[in-house]
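Reviewing the structure listed below.
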Protein chains: 2
Amino acid sequence: MKRYISILAILFLIISNSICLAQTEQAAVKEDFKPATTNQPGKEFPKVNSESRVRASVSAPEATKVQLDISAVKYDLVKDKDGVWTGDSNPQDEGFHYYQRWIDGAAVPDPNSLYFFGAMRWGSGIEIPANDQDFYALENVPHGQIRQVLFYSKSTDCSRRAFVYTPPDYEQNLTKRYPVLYLQHGWGEDENGWPNQGKANLIMDNLIAKGKARPFIIVMTYGMTNEVQIGGLRNFDIKPFQTVLIDELIPYIDANFRTLTDQTNRAMAGLSMGGFETRLITLKNLDVFSHIGLFSGGSISMDDVKNTPGFKEKVKLVFVSFGSRELEGRRGGWGGDPKENSNVLKEAGINSHFYVSPNTAHEWQSWRRSLHEFAPLLFSN
Amino acid sequence: MKRYISILAILFLIISNSICLAQTEQAAVKEDFKPATTNQPGKEFPKVNSESRVRASVSAPEATKVQLDISAVKYDLVKDKDGVWTGDSNPQDEGFHYYQRWIDGAAVPDPNSLYFFGAMRWGSGIEIPANDQDFYALENVPHGQIRQVLFYSKSTDCSRRAFVYTPPDYEQNLTKRYPVLYLQHGWGEDENGWPNQGKANLIMDNLIAKGKARPFIIVMTYGMTNEVQIGGLRNFDIKPFQTVLIDELIPYIDANFRTLTDQTNRAMAGLSMGGFETRLITLKNLDVFSHIGLFSGGSISMDDVKNTPGFKEKVKLVFVSFGSRELEGRRGGWGGDPKENSNVLKEAGINSHFYVSPNTAHEWQSWRRSLHEFAPLLFSN
């Protein structure tokens, strides 16, 4: 397991730093900038143009150096006579990115942006319009609810929070029961990730409105136990979270929501570290889960299948996905090529799916698309 | 109405600027600082001591001036040899305060704090421990849910958001129906105010656990229509919001939650501008609402009673409250002394209550306490 952890830890670090574009491009910048949809109400900056460049503007009359820091590249802004600093980034990938500002050596959030939890902090985020953005748009369709629940955890002796998505028809028929997906965030993130920047509720509302996914409940909770809250993966131990999930949260959800409680109607998936957790927990608990999803978080090999009694009978779906930029020049990592692993499982008669998000990295656009591909496959057999 | 608006607008401005303490106090600062409970996970600063002083610390090696800006006072921080700026505020009132930093002329949020929506933006907030903080503490009692719902509004042609508190026993008995309180935020705030810094769910969970309040549903939505979103009260028109509330949100809630839908089981309350809205809407819609709460948002006079047909028969409760610092030196504003107004109503046989929050201003501690006093009086007759 230690090898697996260190491979993933390196993956997290490298991917997040591997998209350093050169700052020396000469082409003229297209002047069709529009305010980012992730701006706070009424804020003009930051803006995004049709080339996916970000234009930042900061009023800091007394500062000597101001930078925009996005996708691991720092861009120097230029000061005008009024003390306003402005500058553009290179084109960004489609989708959501965390970013920050540097003002005279201080790393600070942008007061103009909405805030998102990632990299172990609430900080600025920006949405770059995507060609396929309709699948997570707020449409005039029936909407489910996102509910905050607080459940007491005996093992950690505190009240813990989960967000629960209930589908649009949940309140219409009070005798109907639903399957449940337990959906995990990545390292440095928390249970806010999927309902906020992940747009899990809108993805599901839109799929359900089109009849493309069966309505089910999604449960999202904090997947890092207190011991590693501010640590890293080095000291990662799955047991504390497994206890919270299996012994405390699932019974709470089954007692407080109209769930289908048998193994065939319970799934687990996660992104990055959440995929890593999903793999560890599901393989040890195939009496609890039947559907497995790993988004940018490793894969399942035939060795896993052989070492897990009952795998072929109990597992109804194995879904593995990555952003295309994660796979470039990297085949063979994570305990084997994940696509090859997926194919071998399929040939062995397992319901195995592999998906690659085009032109995205280890970021939320890969994971939004992964949920969009994964959800229609769930609880359909 | 115009006079009323301008009085309130002035009130909002003056109150928020009226607590400028002198920065020249000489007493030794008590060195018992602890990290604020509103800090992001693992962040040491800002800290608060037993005198309710705030100690800020900012790493900004290249900056020439760094300030802490809290309760409308700016405190200069002092730089050490490592480029870390530190300093203390004067003692603050108990409860929650918005604050920000200034770095070389740029106003920025504190990257160490959680963020709260107020003053028309997401920004930093800090919790000062209060003597009575147990009533809004996260206790090991049965917890209700906070649900995000999206409802289509024909009048504004968009999906709008509301947060809905359902009490702890809501999921236990699927035939039980509940009264509903529509609860509004203040100017420059939004529907996040009551569930976040307002702690409305914890206040209710604790009251219900002690048997001190009847379980009811609370609905919180955005009370500023698009036209005045970034404006002020000058152009305020109650009709657009009244249409959203009465014609769109209430029918949606009654269709999607197990509510008691008669007038005797529906209340409206709000803080500051939300109290102003509550007064305007309830007096025109006494067939819809029976219980009225104004928190730091004006009062109801005998003239109102006389000018509103059926008031005495239809209104089951009038609750008016203020922070004590709002009343100091200010008696006679808001269309008459609010305490005197309340007494006159009581003498006329109306169920009228007046509450003053000790040693607090036009801030959230006044409004948390107001909800805590108001809730036990609701739907009890």
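In the structure tokens, chains take the letters A, B, ... in the order shown, each chain's residues start at 1, and ligands count up from 1 in the order shown.
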Residue neighbourhood Ile250 in chain A, 12 Å, only C-alpha atoms, exclusion window fewer than 3 positions, as JSON, numbers by chain:
{"A": [151, 153, 162, 164, 180, 181, 182, 218, 219, 220, 221, 242, 243, 244, 245, 246, 247, 253, 254, 255, 256, 257, 259, 260, 261, 262, 263, 266, 267, 268, 288, 289]}
Picked from range 129-345 of chain A by DSSP as strand (DSSP E or B), as a VMD selection string
chain A and resid 145 to 153 158 to 166 178 180 to 184 217 to 221 259 266 to 271 291 to 295 317 to 323
Could you list, with a cut-off of 6 Å and counting only C-alpha atoms, the residues of chain A near chain B, each shown with its nearest atom pair and the distance in Å rounded to one decimal, rows sorted by chain and ascending number, as a tab-separated table?
residue	atom	partner	partner_atom	distance
A:Ser59	CA	B:Ala106	CA	5.8
A:Ala60	CA	B:Ala106	CA	4.4
A:Pro61	CA	B:Gly105	CA	5.5
A:Glu62	CA	B:Asp104	CA	4.7
A:Ala63	CA	B:Asp104	CA	5.1
A:Asp104	CA	B:Glu62	CA	4.6
A:Gly105	CA	B:Ala60	CA	4.9
A:Ala106	CA	B:Ala60	CA	4.4
A:Val108	CA	B:Pro111	CA	5.8
A:Pro111	CA	B:Val108	CA	5.8
A:Gln145	CA	B:Val149	CA	5.2
A:Ile146	CA	B:Gln148	CA	5.1
A:Arg147	CA	B:Arg147	CA	4.1
A:Gln148	CA	B:Ile146	CA	5.1
A:Val149	CA	B:Gln145	CA	5.2
A:Glu171	CA	B:Asn256	CA	5.9
A:Asn256	CA	B:Glu171	CA	5.9
What is the CA of Ser321 in chain A to CA of Gly125 in chain A distance in Å?
23.4 Å
Check range 156-263 of chain A with DSSP on the backbone and list each residue it calls helix (DSSP H, G or I), as a ChimeraX atom specification.
/A:168-171,200-209,226-228,238-256,263
Just the selected residues (N, CA and C atoms), exported as a CSV table (one decimal), in the first residue's frame, please.
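File written: selection-v3.csv
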chain,number,residue,atom,x,y,z
A,168,PRO,N,-35.0,15.3,-7.9
A,168,PRO,CA,-36.2,16.2,-8.0
A,168,PRO,C,-37.5,15.5,-7.5
A,169,ASP,N,-37.7,14.2,-7.7
A,169,ASP,CA,-39.0,13.6,-7.4
A,169,ASP,C,-39.0,13.1,-6.0
A,170,TYR,N,-38.0,13.4,-5.2
A,170,TYR,CA,-37.9,12.8,-3.8
A,170,TYR,C,-39.1,13.2,-2.9
A,171,GLU,N,-39.5,14.5,-3.1
A,171,GLU,CA,-40.6,15.0,-2.2
A,171,GLU,C,-42.0,14.7,-2.8
A,200,ALA,N,-22.4,18.8,-8.8
A,200,ALA,CA,-23.0,17.5,-8.9
A,200,ALA,C,-24.5,17.5,-9.0
A,201,ASN,N,-25.1,18.5,-8.3
A,201,ASN,CA,-26.6,18.5,-8.3
A,201,ASN,C,-27.1,18.9,-9.7
A,202,LEU,N,-26.4,19.9,-10.3
A,202,LEU,CA,-26.9,20.3,-11.6
A,202,LEU,C,-26.7,19.3,-12.7
A,203,ILE,N,-25.5,18.6,-12.6
A,203,ILE,CA,-25.3,17.4,-13.5
A,203,ILE,C,-26.4,16.4,-13.4
A,204,MET,N,-26.7,16.1,-12.2
A,204,MET,CA,-27.8,15.1,-11.9
A,204,MET,C,-29.2,15.6,-12.4
A,205,ASP,N,-29.5,16.8,-12.0
A,205,ASP,CA,-30.8,17.4,-12.4
A,205,ASP,C,-31.0,17.3,-13.9
A,206,ASN,N,-29.9,17.7,-14.7
A,206,ASN,CA,-30.0,17.7,-16.1
A,206,ASN,C,-30.1,16.3,-16.7
A,207,LEU,N,-29.3,15.4,-16.2
A,207,LEU,CA,-29.3,14.0,-16.7
A,207,LEU,C,-30.7,13.4,-16.4
A,208,ILE,N,-31.2,13.6,-15.2
A,208,ILE,CA,-32.6,13.0,-14.9
A,208,ILE,C,-33.7,13.6,-15.7
A,209,ALA,N,-33.6,15.0,-16.0
A,209,ALA,CA,-34.6,15.6,-16.8
A,209,ALA,C,-34.6,15.0,-18.2
A,226,ASN,N,-9.4,13.5,11.2
A,226,ASN,CA,-8.7,14.6,11.9
A,226,ASN,C,-7.2,14.5,11.9
A,227,GLU,N,-6.7,13.2,12.1
A,227,GLU,CA,-5.3,13.0,12.2
A,227,GLU,C,-4.5,13.6,11.0
A,228,VAL,N,-5.0,13.5,9.8
A,228,VAL,CA,-4.3,13.9,8.6
A,228,VAL,C,-4.9,15.2,8.1
A,238,ILE,N,-6.6,4.4,6.2
A,238,ILE,CA,-8.0,4.4,5.7
A,238,ILE,C,-9.0,4.0,6.8
A,239,LYS,N,-8.5,3.4,7.9
A,239,LYS,CA,-9.4,2.9,8.9
A,239,LYS,C,-10.3,3.9,9.5
A,240,PRO,N,-9.8,5.0,10.0
A,240,PRO,CA,-10.7,6.0,10.6
A,240,PRO,C,-11.8,6.5,9.7
A,241,PHE,N,-11.5,6.8,8.5
A,241,PHE,CA,-12.6,7.2,7.6
A,241,PHE,C,-13.5,6.0,7.2
A,242,GLN,N,-13.0,4.8,7.1
A,242,GLN,CA,-13.8,3.7,6.8
A,242,GLN,C,-14.8,3.5,7.9
A,243,THR,N,-14.3,3.7,9.2
A,243,THR,CA,-15.2,3.5,10.3
A,243,THR,C,-16.4,4.6,10.3
A,244,VAL,N,-16.0,5.8,10.0
A,244,VAL,CA,-17.0,6.9,9.9
A,244,VAL,C,-18.0,6.5,8.8
A,245,LEU,N,-17.5,6.1,7.6
A,245,LEU,CA,-18.4,5.9,6.5
A,245,LEU,C,-19.3,4.7,6.7
A,246,ILE,N,-18.6,3.5,7.0
A,246,ILE,CA,-19.4,2.3,7.0
A,246,ILE,C,-20.2,2.1,8.3
A,247,ASP,N,-19.6,2.5,9.5
A,247,ASP,CA,-20.3,2.2,10.7
A,247,ASP,C,-21.2,3.3,11.2
A,248,GLU,N,-20.9,4.5,10.7
A,248,GLU,CA,-21.7,5.7,11.3
A,248,GLU,C,-22.5,6.4,10.2
A,249,LEU,N,-21.9,6.8,9.1
A,249,LEU,CA,-22.7,7.6,8.1
A,249,LEU,C,-23.7,6.8,7.4
A,250,ILE,N,-23.3,5.6,6.9
A,250,ILE,CA,-24.3,4.8,6.1
A,250,ILE,C,-25.5,4.4,7.0
A,251,PRO,N,-25.4,4.0,8.2
A,251,PRO,CA,-26.6,3.8,9.1
A,251,PRO,C,-27.4,5.0,9.3
A,252,TYR,N,-26.7,6.2,9.4
A,252,TYR,CA,-27.4,7.4,9.6
A,252,TYR,C,-28.3,7.8,8.4
A,253,ILE,N,-27.6,7.6,7.2
A,253,ILE,CA,-28.4,7.9,6.0
A,253,ILE,C,-29.5,7.0,5.8
A,254,ASP,N,-29.3,5.7,6.0
A,254,ASP,CA,-30.4,4.7,5.9
A,254,ASP,C,-31.5,4.9,6.8
A,255,ALA,N,-31.2,5.5,8.0
A,255,ALA,CA,-32.3,5.8,9.0
A,255,ALA,C,-33.0,7.1,8.7
A,256,ASN,N,-32.4,8.0,8.0
A,256,ASN,CA,-33.0,9.4,7.8
A,256,ASN,C,-33.4,9.7,6.4
A,263,GLN,N,-27.0,-4.2,-1.0
A,263,GLN,CA,-25.7,-3.9,-1.6
A,263,GLN,C,-25.8,-3.5,-3.1
Surrounding residues of range 350-360 of chain B excluding itself and chain neighbours under 3 positions, 8 Å, only C-alpha atoms, as JSON, numbers by chain
{"B": [93, 94, 312, 315, 316, 317, 318, 319, 320, 321, 322, 323, 324, 325, 326, 339, 342, 343, 345, 346, 347, 363, 365, 366, 369, 370, 373]}
Okay, now the selection with N, CA and C atoms, as an mmCIF file, in the first residue's frame?
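The resulting part.cif:
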data_model
loop_
_atom_site.group_PDB
_atom_site.id
_atom_site.type_symbol
_atom_site.label_atom_id
_atom_site.label_comp_id
_atom_site.auth_asym_id
_atom_site.auth_seq_id
_atom_site.Cartn_x
_atom_site.Cartn_y
_atom_site.Cartn_z
ATOM 1 N N ASP B 93 -17.057 43.916 20.659
ATOM 2 C CA ASP B 93 -18.309 43.374 21.202
ATOM 3 C C ASP B 93 -18.342 41.860 21.016
ATOM 4 N N GLU B 94 -19.086 41.178 21.881
ATOM 5 C CA GLU B 94 -19.299 39.732 21.728
ATOM 6 C C GLU B 94 -20.009 39.438 20.412
ATOM 7 N N LYS B 312 -56.074 43.335 14.563
ATOM 8 C CA LYS B 312 -56.214 42.743 15.900
ATOM 9 C C LYS B 312 -56.681 41.292 15.848
ATOM 10 N N VAL B 315 -53.453 39.142 13.630
ATOM 11 C CA VAL B 315 -52.051 39.082 14.058
ATOM 12 C C VAL B 315 -51.940 38.404 15.422
ATOM 13 N N LYS B 316 -51.200 37.307 15.470
ATOM 14 C CA LYS B 316 -51.054 36.536 16.705
ATOM 15 C C LYS B 316 -49.829 36.957 17.512
ATOM 16 N N LEU B 317 -48.850 37.615 16.868
ATOM 17 C CA LEU B 317 -47.624 38.010 17.575
ATOM 18 C C LEU B 317 -46.948 39.158 16.820
ATOM 19 N N VAL B 318 -46.562 40.202 17.585
ATOM 20 C CA VAL B 318 -45.667 41.245 17.065
ATOM 21 C C VAL B 318 -44.430 41.251 17.959
ATOM 22 N N PHE B 319 -43.269 40.949 17.368
ATOM 23 C CA PHE B 319 -42.011 40.900 18.121
ATOM 24 C C PHE B 319 -41.063 41.929 17.523
ATOM 25 N N VAL B 320 -40.552 42.835 18.365
ATOM 26 C CA VAL B 320 -39.629 43.881 17.916
ATOM 27 C C VAL B 320 -38.383 43.833 18.793
ATOM 28 N N SER B 321 -37.202 43.885 18.185
ATOM 29 C CA SER B 321 -35.970 43.833 18.978
ATOM 30 C C SER B 321 -34.901 44.751 18.400
ATOM 31 N N PHE B 322 -33.937 45.086 19.257
ATOM 32 C CA PHE B 322 -32.773 45.886 18.862
ATOM 33 C C PHE B 322 -31.568 45.460 19.688
ATOM 34 N N GLY B 323 -30.365 45.775 19.189
ATOM 35 C CA GLY B 323 -29.179 45.713 20.022
ATOM 36 C C GLY B 323 -29.137 46.945 20.902
ATOM 37 N N SER B 324 -28.660 46.801 22.136
ATOM 38 C CA SER B 324 -28.703 47.931 23.076
ATOM 39 C C SER B 324 -27.955 49.143 22.528
ATOM 40 N N ARG B 325 -26.857 48.919 21.791
ATOM 41 C CA ARG B 325 -26.080 50.055 21.285
ATOM 42 C C ARG B 325 -26.816 50.819 20.188
ATOM 43 N N GLU B 326 -27.800 50.152 19.567
ATOM 44 C CA GLU B 326 -28.598 50.846 18.549
ATOM 45 C C GLU B 326 -29.526 51.861 19.190
ATOM 46 N N LYS B 339 -39.909 50.833 21.728
ATOM 47 C CA LYS B 339 -40.372 50.214 22.976
ATOM 48 C C LYS B 339 -41.746 50.752 23.361
ATOM 49 N N SER B 342 -44.318 49.265 21.220
ATOM 50 C CA SER B 342 -44.623 47.898 21.636
ATOM 51 C C SER B 342 -45.563 47.885 22.839
ATOM 52 N N ASN B 343 -45.284 48.779 23.795
ATOM 53 C CA ASN B 343 -46.133 48.858 24.987
ATOM 54 C C ASN B 343 -47.559 49.276 24.651
ATOM 55 N N LEU B 345 -49.132 48.761 21.892
ATOM 56 C CA LEU B 345 -49.810 47.607 21.276
ATOM 57 C C LEU B 345 -50.273 46.616 22.342
ATOM 58 N N LYS B 346 -49.391 46.375 23.318
ATOM 59 C CA LYS B 346 -49.733 45.420 24.373
ATOM 60 C C LYS B 346 -50.953 45.902 25.151
ATOM 61 N N GLU B 347 -50.962 47.216 25.456
ATOM 62 C CA GLU B 347 -52.102 47.784 26.192
ATOM 63 C C GLU B 347 -53.396 47.682 25.399
ATOM 64 N N GLU B 363 -25.525 44.225 14.620
ATOM 65 C CA GLU B 363 -24.690 43.104 14.201
ATOM 66 C C GLU B 363 -25.378 41.773 14.520
ATOM 67 N N GLN B 365 -24.873 39.252 16.537
ATOM 68 C CA GLN B 365 -25.171 38.761 17.885
ATOM 69 C C GLN B 365 -26.556 39.244 18.328
ATOM 70 N N SER B 366 -26.931 40.467 17.935
ATOM 71 C CA SER B 366 -28.280 40.974 18.249
ATOM 72 C C SER B 366 -29.338 40.096 17.589
ATOM 73 N N ARG B 369 -29.628 36.420 19.017
ATOM 74 C CA ARG B 369 -30.397 36.488 20.271
ATOM 75 C C ARG B 369 -31.871 36.768 19.997
ATOM 76 N N SER B 370 -32.124 37.607 18.990
ATOM 77 C CA SER B 370 -33.523 37.917 18.659
ATOM 78 C C SER B 370 -34.260 36.666 18.206
ATOM 79 N N GLU B 373 -35.058 34.506 21.145
ATOM 80 C CA GLU B 373 -36.185 34.991 21.950
ATOM 81 C C GLU B 373 -37.514 34.845 21.210
#
I'd like the interatomic distance between CA of Val29 in chain A and CA of Ala72 in chain A, to a tenth of an Å.
21.0 Å
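Picture a line from CA of Tyr98 in chain B to CA of Gln67 in chain A; it runs 26.2 Å.
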Among the residues A:His372, A:Lys154, A:Lys30, A:Lys306, the one that comes closest to Ala213 in chain A [using only C-alpha atoms]
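Of the candidates, the smallest distance to Ala213 in chain A is held by A:His372.
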Show me, as an MDAnalysis selection string, the residues that have an atom within 10 Å of Leu286 in chain B when counting only C-alpha atoms, minus same-chain residues fewer than 4 positions from it.
chainID B and resid 263:264 281:282 290:291 308:311 313:315
Name the closest residue to Asp88 in chain B among the candidates B:Glu51, B:Asp190, B:Asp337, B:Asp303; distances are taken between atoms, counting only C-alpha atoms.
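Checking each of B:Glu51, B:Asp190, B:Asp337, B:Asp303 against Asp88 in chain B, counting only C-alpha atoms, the winner is B:Glu51.
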Counting only C-alpha atoms, which of B:Arg177, B:His362, B:Lys199, B:His185 gets nearest to Phe276 in chain B?
B:His185
